[in-house]
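Chemist: This is work-v7.txt, which holds compact mmCIF, C-alpha atoms:
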# COMPACT_ATOMS: atom_id res chain seq x y z
CA MET A 7 0.00 0.00 0.00
CA VAL A 8 1.31 3.44 -0.94
CA ILE A 9 0.49 6.16 1.57
CA CYS A 10 1.32 9.81 0.85
CA ILE A 11 1.56 12.36 3.63
CA ILE A 12 0.75 15.92 2.61
CA GLY A 13 0.43 19.14 4.56
CA PRO A 14 1.87 22.61 4.96
CA SER A 15 5.44 23.30 5.97
CA GLY A 16 5.87 22.65 9.68
CA ALA A 17 2.88 20.29 9.86
CA GLY A 18 4.94 17.50 11.42
CA LYS A 19 5.34 15.23 8.40
CA SER A 20 9.10 14.77 8.74
CA THR A 21 8.94 14.39 12.51
CA TYR A 22 6.19 11.77 12.15
CA LEU A 23 8.25 9.74 9.68
CA ARG A 24 11.47 10.04 11.69
CA SER A 25 9.61 8.96 14.84
CA LEU A 26 8.10 5.92 13.12
CA ASN A 27 11.56 4.93 11.92
CA GLN A 28 12.98 5.58 15.40
CA LEU A 29 15.38 8.14 13.96
CA GLU A 30 14.02 10.71 16.38
CA LYS A 31 13.18 10.12 20.02
CA ILE A 32 9.63 10.96 20.98
CA THR A 33 9.92 13.36 23.91
CA SER A 34 6.24 14.13 24.36
CA GLY A 35 2.94 12.93 23.00
CA LYS A 36 2.15 9.52 21.58
CA ILE A 37 1.73 7.97 18.14
CA TYR A 38 -1.32 5.82 17.48
CA ILE A 39 -1.79 3.68 14.39
CA HIS A 40 -5.32 2.38 13.82
CA GLY A 41 -6.11 3.28 17.43
CA ASP A 42 -3.21 1.26 18.86
CA LEU A 43 -0.29 2.88 20.62
CA PHE A 44 2.86 2.60 18.48
CA LEU A 45 5.83 1.65 20.64
CA HIS A 46 8.41 -0.19 18.57
CA ARG A 47 8.70 -0.52 14.84
CA GLU A 48 9.75 -4.16 15.14
CA ASN A 49 6.45 -4.96 16.82
CA ASP A 50 4.22 -3.11 14.39
CA LYS A 51 3.37 -4.85 11.13
CA THR A 52 1.53 -1.79 9.78
CA VAL A 53 4.85 0.03 9.39
CA GLU A 54 6.89 -2.23 7.17
CA ARG A 55 8.49 0.24 4.80
CA ILE A 56 8.60 4.02 4.81
CA ASP A 57 10.29 5.93 2.03
CA LYS A 58 10.69 9.68 2.03
CA GLU A 59 12.24 11.63 -0.81
CA THR A 60 11.10 15.24 -0.83
CA GLN A 61 8.53 17.38 0.90
CA GLN A 62 8.32 20.43 -1.29
CA LYS A 63 4.90 21.86 -2.10
CA LEU A 64 4.82 21.14 -5.84
CA LEU A 65 1.91 20.27 -8.08
CA LEU A 66 3.89 17.24 -9.27
CA GLU A 67 3.79 15.73 -5.77
CA MET A 68 0.06 16.35 -5.47
CA GLY A 69 -0.28 14.58 -8.82
CA PHE A 70 1.71 11.65 -7.42
CA ALA A 71 -0.52 11.51 -4.35
CA ARG A 72 -3.63 11.63 -6.55
CA GLU A 73 -2.54 9.06 -9.12
CA VAL A 74 -0.32 6.59 -7.27
CA ALA A 75 -1.30 6.59 -3.60
CA ASP A 76 -3.74 4.12 -2.15
CA ARG A 77 -4.32 6.45 0.82
CA VAL A 78 -3.47 10.09 1.53
CA ILE A 79 -2.87 11.59 4.96
CA PHE A 80 -3.23 15.33 5.54
CA MET A 81 -1.28 16.62 8.55
CA ALA A 82 -1.35 20.00 10.30
CA ASP A 83 0.19 21.01 13.62
CA GLY A 84 1.52 17.50 14.25
CA ILE A 85 -1.91 15.91 13.94
CA ILE A 86 -3.37 13.68 11.24
CA VAL A 87 -6.33 15.86 10.34
CA GLU A 88 -7.78 13.77 7.53
CA TYR A 89 -7.12 10.37 5.99
CA GLY A 90 -8.69 8.67 3.01
CA THR A 91 -8.38 7.55 -0.57
CA PRO A 92 -7.09 10.12 -3.06
CA GLU A 93 -10.60 10.34 -4.47
CA GLN A 94 -12.01 11.17 -1.03
CA LEU A 95 -9.31 13.58 0.06
CA PHE A 96 -8.89 15.49 -3.20
CA GLY A 97 -12.47 15.17 -4.42
CA ASP A 98 -14.43 15.87 -1.26
CA PRO A 99 -12.23 16.90 1.68
CA GLN A 100 -14.19 17.05 4.93
CA ASN A 101 -11.90 19.23 7.03
CA ASP A 102 -11.67 23.01 6.53
CA ARG A 103 -7.87 22.96 6.92
CA THR A 104 -7.57 20.27 4.25
CA LYS A 105 -9.83 22.28 1.94
CA ALA A 106 -7.80 25.47 2.47
CA PHE A 107 -4.47 23.70 1.91
CA LEU A 108 -5.59 21.95 -1.27
CA SER A 109 -7.14 25.16 -2.57
CA SER A 110 -3.89 27.06 -2.06
CA ILE A 111 -1.73 24.34 -3.60
CA LEU A 112 -3.98 23.45 -6.51
CA ASN A 113 -5.19 27.04 -7.07
CA THR A 114 -8.82 25.99 -7.05
Let me see the structure of the file written as structure tokens.

Modeler:
Amino acid sequence: MVICIIGPSGAGKSTYLRSLNQLEKITSGKIYIHGDLFLHRENDKTVERIDKETQQKLLLEMGFAREVADRVIFMADGIIVEYGTPEQLFGDPQNDRTKAFLSSILNT
């Protein structure tokens, strides 16, 4: 499954990925995956492979998320605000922050 994480600069995307990969120590807060507390990557089968290349706000990356991803996560202020299929997230976002972000990026 391909999951794309999108969101504004400073939303917590990089920190989230580094924490899942245990490249950054979690000093406060907790990470939950499907409602279960995430403690150790070795014990969590939902996090088998995480690749991160760039996080620039480019239309190309939104196109990748729309066309290739099975699921898209929208993050803001360190919180997963919305999660769904590309069709759901890009076609009918439910959260006002998601709507505003997509509108500013996609100029809609």

Chemist: Measuring between all atoms listed in the file, which one of A:Gly35, A:Asp83, A:Ile111, A:Ala71 shows the shortest distance to Leu95 of chain A?

Modeler: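 When distances to Leu95 of chain A are compared using all atoms listed in the file, the smallest one comes from A:Ala71.
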
Chemist: Please provide as a ChimeraX atom specification all residues within 7 Å of Met81 of chain A, with the sequence filter that same-chain residues fewer than 2 positions apart are discarded (counting all atoms listed in the file).

Modeler: /A:12-13,17-19,79,83-87

Chemist: Nearest to Glu88 of chain A: which of A:Lys105, A:Leu112, A:Val74, A:Thr21 is it, counting only C-alpha atoms?

Modeler: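 The closest residue to Glu88 of chain A is A:Lys105.
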
Chemist: If I take atom CA of Ile11 of chain A and atom CA of Val78 of chain A, how far is one from the other in Å, to one decimal?

Modeler: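 Atom CA of Ile11 of chain A sits 5.9 Å away from atom CA of Val78 of chain A.
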
Chemist: Of the candidates A:Glu93, A:Asp42, A:Asp98, A:Glu73, which shows the shortest atom-to-atom distance to Val8 of chain A, using all atoms listed in the file?

Modeler: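 Among the listed residues, A:Glu73 lies closest to Val8 of chain A.
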
Chemist: Please measure the separation of atom CA of Ala75 of chain A and atom CA of Ile9 of chain A, giving the value in Å to one decimal.

Modeler: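 Atom CA of Ile9 of chain A lies at a distance of 5.5 Å from atom CA of Ala75 of chain A.
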
Chemist: Starting from 3 Å padding per side, set up an axis-aligned box that covers all listed atoms of segment 15-27 of chain A and hand over centre and edge lengths in Å, one decimal, as AutoDock Vina command-line options.

Modeler:
--center_x 7.2 --center_y 14.1 --center_z 10.4 --size_x 14.7 --size_y 24.4 --size_z 14.9

Chemist: Please, what distance in Å, to one decimal, runs between atom CA of Phe107 of chain A and atom CA of Arg24 of chain A?

Modeler: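 Interatomic distance here is 23.2 Å.
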